[in-house]
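Each remark here refers to the structure printed beneath this line.
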Amino acid sequence: MDKTMYLAKIETAMAQYYLEAGISKRLEEAITYSFQAGGKRIRPRLFLETVQAFGVALRDSHYQVAASLEMVHTGSLIHDDLPAMDNDDYRRGRLTNHKQFDEATAILAGDSLFLDPFGLLARTDFSPAIQIQLVKELSDASGTLGMVAGQMLDMSSEGQEISLEQLQVIHANKTGCLLTFPFVAAGLVAEVSDPICDALRQLGQLVGLAFQVRDDILDLTADFEALGKTPQKDLVAQKSTYPALLGLSESRLFLEETLDKALTVIHQIGDQVPFQSQSLKSIIEGLRLDD
């Protein structure tokens, strides 16, 4: 299935969930404003491609899992942009949620997008055991054991000199956990063995690391049109980044090495079980940067 079809089905799954609401039109407008703002949808696409790589035909429940993941990610972007956090006026090329609506509405829209995904997971037709595992994994990836904790560590480190190891802990949580979830979730719904699930978790951690290094490089080198948000925000906020610690050229090399390791894990999975990974590898290869 091509990317356009994926995106349409993911957005449909999110929109259908909110068709049931009908309580606060303004809240629904704020939620819809952010999740219809575009974006690459790389997290849900990684999930769907990995499911298909195991030879599983996609159905509505798979798109509901993909949508639940994108909802959490979208909620995190709304909150990240708030004045108390990264204080940005633009996201994906247009006004951030709190600029389009107001700060209180943006906070509530983010709250909804953090909480509603678990209701969506409960509506899937997977077995109760798989549903529970999906809820646990998404909760761990999103909250105090993952993304939210990483954001707290990131804010606390602003203006400070930290080690590469400390930076990796920050980003393994802030970015890595939510990029690991699609691979682990795919393993759960495809009902693969524990060793294969472990390999998928390792794959997700590598992709998450590569994604963050790439984002740090682009924050320094890309313009507003390419980013869809204010460039060099990390520099202004005195955030610790991979280019700040390693230098730009070393960061590019580190990105390449990390992506190579991710592709090696994919090949190792393919050596153990049938795994048609060409489309998945194409997404990962797409994270490379031109010199």
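Labeling convention for the structure tokens: chains A, B, ... as they appear, residues from 1 per chain, ligands from 1 in order of appearance.
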- Close residues, Gln36 of chain A itself excluded, 10 Å, only C-alpha atoms, min 5 positions apart in chain, as an MDAnalysis selection string: chainID A and resid 11 14:15 31 74
Grab the residues selected above and save them as a tab-separated table (two decimals), in the first residue's frame with N, CA and C atoms.
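Saved result, selection22.tsv, follows:
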```
chain	number	residue	atom	x	y	z
A	11	GLU	N	-5.69	8.85	9.33
A	11	GLU	CA	-6.50	10.02	9.67
A	11	GLU	C	-7.97	9.65	9.84
A	14	MET	N	-8.45	8.18	13.29
A	14	MET	CA	-8.48	9.21	14.32
A	14	MET	C	-9.80	9.99	14.27
A	15	ALA	N	-10.20	10.36	13.06
A	15	ALA	CA	-11.42	11.17	12.92
A	15	ALA	C	-12.65	10.42	13.39
A	31	ILE	N	-8.27	19.70	18.63
A	31	ILE	CA	-7.65	18.40	18.40
A	31	ILE	C	-7.48	18.15	16.91
A	74	THR	N	1.04	13.60	18.50
A	74	THR	CA	0.46	14.92	18.24
A	74	THR	C	0.22	15.69	19.53
```
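Looking only at segment 49-99 of chain A, the set that DSSP places in strand (DSSP E or B) from backbone geometry is Tyr90, Arg91, Arg94 and Leu95 of chain A.
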Restricted to C-alpha atoms, what would the selected residues look like written as a PDB file, in the first residue's frame?
```pdb
ATOM      1  CA  TYR A  90       4.841  27.410  14.350  1.00  0.00           C
ATOM      2  CA  ARG A  91       4.529  23.670  13.851  1.00  0.00           C
ATOM      3  CA  ARG A  94       1.406  26.819  10.480  1.00  0.00           C
ATOM      4  CA  LEU A  95       0.496  28.374  13.813  1.00  0.00           C
TER       5      LEU A  95
END
```
- Which residues come within 12 Å of segment 272-275 of chain A, counting only C-alpha atoms, excluding same-chain residues fewer than 2 positions away, as a ChimeraX atom specification? /A:49-56,187,190,192-193,195-197,199-200,265-270,277-281
- Find the residues near Ala84 of chain A: any atom within 12 Å, counting only C-alpha atoms, skip ones fewer than 3 places away on the same chain, and give them as a ChimeraX atom specification. /A:78-81,87-88,98,103,107,152,155
Got time to write the residues from that selection, all heavy atoms, as a compact mmCIF listing (two decimals), in the first residue's frame?
```txt
# COMPACT_ATOMS: atom_id res chain seq x y z
N ILE A 78 1.77 19.45 20.73
CA ILE A 78 0.99 20.58 21.25
C ILE A 78 1.60 21.09 22.55
O ILE A 78 1.79 22.30 22.74
CB ILE A 78 -0.48 20.17 21.46
CG1 ILE A 78 -1.16 19.88 20.12
CG2 ILE A 78 -1.24 21.28 22.21
CD1 ILE A 78 -2.57 19.33 20.27
N HIS A 79 1.91 20.17 23.45
CA HIS A 79 2.47 20.56 24.74
C HIS A 79 3.90 21.07 24.60
O HIS A 79 4.29 22.03 25.29
CB HIS A 79 2.40 19.39 25.72
CG HIS A 79 1.05 19.21 26.32
ND1 HIS A 79 0.78 18.29 27.32
CD2 HIS A 79 -0.14 19.81 26.05
CE1 HIS A 79 -0.50 18.36 27.65
NE2 HIS A 79 -1.08 19.26 26.90
N ASP A 80 4.70 20.46 23.73
CA ASP A 80 6.07 20.92 23.54
C ASP A 80 6.13 22.38 23.10
O ASP A 80 7.07 23.11 23.44
CB ASP A 80 6.78 20.07 22.47
CG ASP A 80 7.26 18.73 23.00
OD1 ASP A 80 7.13 18.49 24.22
OD2 ASP A 80 7.74 17.92 22.20
N ASP A 81 5.15 22.80 22.31
CA ASP A 81 5.16 24.16 21.74
C ASP A 81 4.68 25.22 22.72
O ASP A 81 4.80 26.42 22.43
CB ASP A 81 4.27 24.20 20.48
CG ASP A 81 4.86 23.40 19.33
OD1 ASP A 81 6.09 23.26 19.27
OD2 ASP A 81 4.08 22.92 18.49
N ASN A 87 8.06 26.97 23.65
CA ASN A 87 7.58 28.32 23.31
C ASN A 87 7.75 28.62 21.82
O ASN A 87 8.46 29.55 21.44
CB ASN A 87 8.31 29.37 24.15
CG ASN A 87 7.65 30.74 24.04
OD1 ASN A 87 6.46 30.85 23.74
ND2 ASN A 87 8.41 31.79 24.28
N ASP A 88 7.10 27.83 20.98
CA ASP A 88 7.20 28.03 19.53
C ASP A 88 5.87 28.48 18.96
O ASP A 88 4.81 28.09 19.45
CB ASP A 88 7.64 26.72 18.85
CG ASP A 88 8.49 26.99 17.62
OD1 ASP A 88 8.28 28.04 16.97
OD2 ASP A 88 9.36 26.17 17.30
N HIS A 98 -1.66 26.61 20.51
CA HIS A 98 -1.97 27.68 21.47
C HIS A 98 -2.02 29.05 20.83
O HIS A 98 -2.62 29.98 21.38
CB HIS A 98 -0.98 27.66 22.64
CG HIS A 98 0.41 28.07 22.29
ND1 HIS A 98 1.32 27.21 21.74
CD2 HIS A 98 1.06 29.27 22.41
CE1 HIS A 98 2.46 27.83 21.55
NE2 HIS A 98 2.34 29.09 21.94
N GLU A 103 -3.98 29.18 25.07
CA GLU A 103 -3.11 28.26 25.81
C GLU A 103 -3.91 27.19 26.56
O GLU A 103 -3.55 26.01 26.55
CB GLU A 103 -2.24 29.06 26.79
CG GLU A 103 -1.13 28.23 27.40
CD GLU A 103 -0.14 29.08 28.20
OE1 GLU A 103 -0.17 30.33 28.05
OE2 GLU A 103 0.64 28.50 28.96
N ILE A 107 -3.69 23.11 26.01
CA ILE A 107 -3.37 22.15 27.09
C ILE A 107 -4.41 21.04 27.12
O ILE A 107 -4.07 19.85 27.20
CB ILE A 107 -3.30 22.88 28.44
CG1 ILE A 107 -2.07 23.79 28.49
CG2 ILE A 107 -3.24 21.87 29.59
CD1 ILE A 107 -2.04 24.72 29.69
N MET A 152 11.27 16.08 30.65
CA MET A 152 11.67 16.73 31.90
C MET A 152 13.19 16.80 32.01
O MET A 152 13.76 17.85 32.38
CB MET A 152 11.10 15.91 33.08
CG MET A 152 11.32 16.54 34.44
SD MET A 152 10.25 17.96 34.76
CE MET A 152 11.45 19.29 34.79
N MET A 155 14.53 19.50 29.59
CA MET A 155 14.36 20.87 30.09
C MET A 155 15.35 21.16 31.23
O MET A 155 15.90 22.25 31.31
CB MET A 155 12.93 21.06 30.57
CG MET A 155 11.89 21.04 29.45
SD MET A 155 10.20 21.06 30.08
CE MET A 155 10.17 22.61 30.98
```
- For atom CA of Val135 of chain A and atom CA of Leu121 of chain A, quote the distance in Å rounded to one decimal.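 Spanning atom CA of Val135 of chain A to atom CA of Leu121 of chain A is a straight-line distance of 7.0 Å.
Between Glu165 of chain A and the residues A:Cys177, A:Ala13, A:Leu245, A:Ile284, the shortest atom-to-atom distance, using only C-alpha atoms, involves A:Leu245.
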- So how many Å separate atom CA of Gln166 of chain A and atom CA of Ser142 of chain A, to one decimal? 19.6 Å
- Task: Rank nothing, just name the residue among A:Asp271, A:Gln160, A:Leu120, A:Leu263 nearest to Glu20 of chain A, using only C-alpha atoms.
- Result: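 Counting only C-alpha atoms, the residue closest to Glu20 of chain A is A:Leu120.
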- Just give me the gap between atom CA of Gly75 of chain A and atom CA of Ala57 of chain A in Å, one decimal is fine.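 Value for the atom CA of Gly75 of chain A-atom CA of Ala57 of chain A distance: 28.8 Å.
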- Message: Using only C-alpha atoms, which protein or nucleic acid residues come within 8 Å of Lys239 of chain A? Drop anything in the same chain fewer than 5 positions from it, and give the result as a VMD selection string.
- Response: chain A and resid 154 to 155 157 to 160 234
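Nearest to Glu256 of chain A of all the residues A:Ala104, A:Leu188, A:Val213, A:Val148 is A:Val213, counting only C-alpha atoms.
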Per residue of segment 147-184 of chain A within 12 Å of segment 68-71 of chain A, note the shortest atom pair and the distance in Å to one decimal, counting only C-alpha atoms, and order the rows by chain and increasing residue number, as a tab-separated table.
```
residue	atom	partner	partner_atom	distance
A:Cys177	CA	A:Leu69	CA	11.4
A:Leu178	CA	A:Leu69	CA	7.9
A:Leu179	CA	A:Leu69	CA	9.4
A:Thr180	CA	A:Leu69	CA	11.0
A:Phe181	CA	A:Leu69	CA	8.2
A:Pro182	CA	A:Leu69	CA	7.8
A:Phe183	CA	A:Leu69	CA	11.6
```
Polymer residues at most 12 Å from Phe126 of chain A, only C-alpha atoms, same-chain spacing of 6 or more positions, as a CSV table (one decimal) with all heavy atoms, in the first residue's frame:
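Saved file part-v1.csv follows:
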```
chain,number,residue,atom,x,y,z
A,59,ARG,N,-5.9,-4.6,8.7
A,59,ARG,CA,-7.3,-4.4,8.9
A,59,ARG,C,-7.6,-3.2,9.8
A,59,ARG,O,-6.6,-2.6,10.2
A,59,ARG,CB,-8.0,-5.7,9.4
A,59,ARG,CG,-7.5,-6.1,10.8
A,59,ARG,CD,-8.3,-7.4,11.2
A,59,ARG,NE,-8.1,-7.7,12.6
A,59,ARG,CZ,-7.1,-8.4,13.1
A,59,ARG,NH1,-6.1,-8.9,12.3
A,59,ARG,NH2,-7.0,-8.7,14.4
A,60,ASP,N,-8.8,-2.9,10.1
A,60,ASP,CA,-9.1,-1.7,10.8
A,60,ASP,C,-8.4,-1.5,12.1
A,60,ASP,O,-8.0,-0.5,12.5
A,60,ASP,CB,-10.6,-1.6,11.0
A,60,ASP,CG,-11.4,-1.2,9.7
A,60,ASP,OD1,-10.8,-0.8,8.7
A,60,ASP,OD2,-12.6,-1.3,9.7
A,61,SER,N,-8.3,-2.7,12.8
A,61,SER,CA,-7.7,-2.6,14.2
A,61,SER,C,-6.2,-2.2,14.1
A,61,SER,O,-5.7,-1.5,15.0
A,61,SER,CB,-7.8,-4.0,14.9
A,61,SER,OG,-9.1,-4.2,15.3
A,62,HIS,N,-5.5,-2.6,13.0
A,62,HIS,CA,-4.1,-2.1,12.9
A,62,HIS,C,-4.1,-0.6,12.7
A,62,HIS,O,-3.2,0.0,13.2
A,62,HIS,CB,-3.5,-2.8,11.7
A,62,HIS,CG,-3.3,-4.3,11.8
A,62,HIS,ND1,-4.1,-5.2,11.1
A,62,HIS,CD2,-2.6,-5.1,12.7
A,62,HIS,CE1,-3.8,-6.5,11.5
A,62,HIS,NE2,-2.8,-6.4,12.5
A,64,GLN,N,-6.2,1.4,13.9
A,64,GLN,CA,-6.5,2.0,15.2
A,64,GLN,C,-5.3,2.1,16.1
A,64,GLN,O,-5.1,3.1,16.8
A,64,GLN,CB,-7.6,1.2,15.8
A,64,GLN,CG,-9.0,1.5,15.2
A,64,GLN,CD,-10.1,0.5,15.7
A,64,GLN,OE1,-9.9,-0.7,15.9
A,64,GLN,NE2,-11.2,1.1,16.1
A,65,VAL,N,-4.4,1.1,16.0
A,65,VAL,CA,-3.2,1.1,16.8
A,65,VAL,C,-2.3,2.2,16.2
A,65,VAL,O,-1.7,3.0,17.0
A,65,VAL,CB,-2.5,-0.2,16.7
A,65,VAL,CG1,-1.1,-0.1,17.4
A,65,VAL,CG2,-3.3,-1.3,17.4
A,120,LEU,N,-9.1,4.1,22.3
A,120,LEU,CA,-9.0,3.6,20.9
A,120,LEU,C,-8.5,2.2,20.9
A,120,LEU,O,-9.0,1.3,20.2
A,120,LEU,CB,-8.2,4.5,20.1
A,120,LEU,CG,-8.2,4.2,18.6
A,120,LEU,CD1,-9.6,4.1,18.0
A,120,LEU,CD2,-7.4,5.3,17.8
A,132,ILE,N,-4.1,-5.6,26.3
A,132,ILE,CA,-3.4,-5.2,27.6
A,132,ILE,C,-1.9,-4.9,27.3
A,132,ILE,O,-1.4,-3.9,27.8
A,132,ILE,CB,-3.6,-6.2,28.6
A,132,ILE,CG1,-5.1,-6.2,29.1
A,132,ILE,CG2,-2.7,-6.0,29.8
A,132,ILE,CD1,-5.4,-7.4,30.0
A,133,GLN,N,-1.3,-5.7,26.5
A,133,GLN,CA,0.1,-5.5,26.2
A,133,GLN,C,0.3,-4.2,25.5
A,133,GLN,O,1.3,-3.5,25.7
A,133,GLN,CB,0.7,-6.7,25.4
A,133,GLN,CG,0.8,-8.0,26.3
A,133,GLN,CD,1.3,-9.2,25.4
A,133,GLN,OE1,0.6,-9.6,24.4
A,133,GLN,NE2,2.4,-9.7,25.7
A,134,LEU,N,-0.5,-4.0,24.5
A,134,LEU,CA,-0.4,-2.7,23.8
A,134,LEU,C,-0.6,-1.5,24.7
A,134,LEU,O,0.1,-0.5,24.5
A,134,LEU,CB,-1.5,-2.7,22.6
A,134,LEU,CG,-1.3,-3.6,21.5
A,134,LEU,CD1,-2.5,-3.7,20.6
A,134,LEU,CD2,0.0,-3.3,20.7
A,135,VAL,N,-1.6,-1.6,25.6
A,135,VAL,CA,-1.8,-0.4,26.5
A,135,VAL,C,-0.6,-0.2,27.4
A,135,VAL,O,-0.1,0.9,27.6
A,135,VAL,CB,-3.1,-0.7,27.4
A,135,VAL,CG1,-3.1,0.2,28.5
A,135,VAL,CG2,-4.3,-0.6,26.5
A,185,ALA,N,4.9,-3.1,19.1
A,185,ALA,CA,3.5,-3.3,18.9
A,185,ALA,C,3.3,-4.2,17.7
A,185,ALA,O,2.4,-5.0,17.7
A,185,ALA,CB,2.8,-1.9,18.7
A,188,LEU,N,3.8,-7.6,18.7
A,188,LEU,CA,2.7,-8.1,19.6
A,188,LEU,C,1.5,-8.6,18.7
A,188,LEU,O,0.9,-9.7,18.9
A,188,LEU,CB,2.3,-7.1,20.6
A,188,LEU,CG,3.3,-6.7,21.7
A,188,LEU,CD1,2.8,-5.5,22.5
A,188,LEU,CD2,3.5,-7.9,22.6
A,189,VAL,N,1.1,-7.7,17.8
A,189,VAL,CA,-0.1,-8.1,17.0
A,189,VAL,C,0.2,-9.2,16.0
A,189,VAL,O,-0.7,-9.9,15.6
A,189,VAL,CB,-0.7,-6.8,16.3
A,189,VAL,CG1,-1.1,-5.8,17.3
A,189,VAL,CG2,0.2,-6.2,15.3
A,190,ALA,N,1.5,-9.3,15.6
A,190,ALA,CA,1.8,-10.4,14.7
A,190,ALA,C,2.1,-11.7,15.4
A,190,ALA,O,2.3,-12.7,14.8
A,190,ALA,CB,3.0,-10.0,13.8
A,191,GLU,N,2.1,-11.6,16.8
A,191,GLU,CA,2.3,-12.7,17.7
A,191,GLU,C,3.6,-13.5,17.4
A,191,GLU,O,3.6,-14.7,17.3
A,191,GLU,CB,1.1,-13.6,17.6
A,191,GLU,CG,-0.2,-12.9,18.1
A,191,GLU,CD,-1.4,-13.9,18.2
A,191,GLU,OE1,-1.4,-14.8,19.0
A,191,GLU,OE2,-2.4,-13.7,17.4
```
- Nearby residues (only C-alpha atoms) at most 8 Å from Leu209 of chain A, same-chain spacing under 5 positions excluded, as a PyMOL selection string: chain A and resi 168+171-172+175-176+258
Output N, CA, C and O atoms of each residue in that selection to a file, as a PDB file, in the first residue's frame.
```pdb
ATOM      1  N   GLN A 168      22.222  10.672  25.751  1.00  0.00           N
ATOM      2  CA  GLN A 168      21.575   9.489  25.187  1.00  0.00           C
ATOM      3  C   GLN A 168      20.427   9.009  26.072  1.00  0.00           C
ATOM      4  O   GLN A 168      19.407   8.534  25.566  1.00  0.00           O
ATOM      5  N   HIS A 171      17.446  11.376  25.355  1.00  0.00           N
ATOM      6  CA  HIS A 171      16.797  11.180  24.068  1.00  0.00           C
ATOM      7  C   HIS A 171      16.253   9.773  23.883  1.00  0.00           C
ATOM      8  O   HIS A 171      15.311   9.573  23.111  1.00  0.00           O
ATOM      9  N   ALA A 172      16.822   8.801  24.589  1.00  0.00           N
ATOM     10  CA  ALA A 172      16.245   7.459  24.553  1.00  0.00           C
ATOM     11  C   ALA A 172      14.822   7.481  25.090  1.00  0.00           C
ATOM     12  O   ALA A 172      13.955   6.718  24.644  1.00  0.00           O
ATOM     13  N   THR A 175      12.583  10.830  22.794  1.00  0.00           N
ATOM     14  CA  THR A 175      12.280  10.505  21.396  1.00  0.00           C
ATOM     15  C   THR A 175      12.225   9.001  21.150  1.00  0.00           C
ATOM     16  O   THR A 175      11.349   8.511  20.444  1.00  0.00           O
ATOM     17  N   GLY A 176      13.158   8.278  21.737  1.00  0.00           N
ATOM     18  CA  GLY A 176      13.335   6.869  21.413  1.00  0.00           C
ATOM     19  C   GLY A 176      12.178   5.968  21.777  1.00  0.00           C
ATOM     20  O   GLY A 176      11.816   5.065  21.009  1.00  0.00           O
ATOM     21  N   THR A 258      24.462   4.554  13.025  1.00  0.00           N
ATOM     22  CA  THR A 258      23.278   4.080  13.747  1.00  0.00           C
ATOM     23  C   THR A 258      22.260   3.486  12.789  1.00  0.00           C
ATOM     24  O   THR A 258      21.660   2.436  13.067  1.00  0.00           O
TER      25      THR A 258
END
```
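Taking only C-alpha atoms into account, Gln205 of chain A lies nearest to A:Ala141 out of the set A:Ala141, A:Leu253, A:Leu115, A:Leu246.
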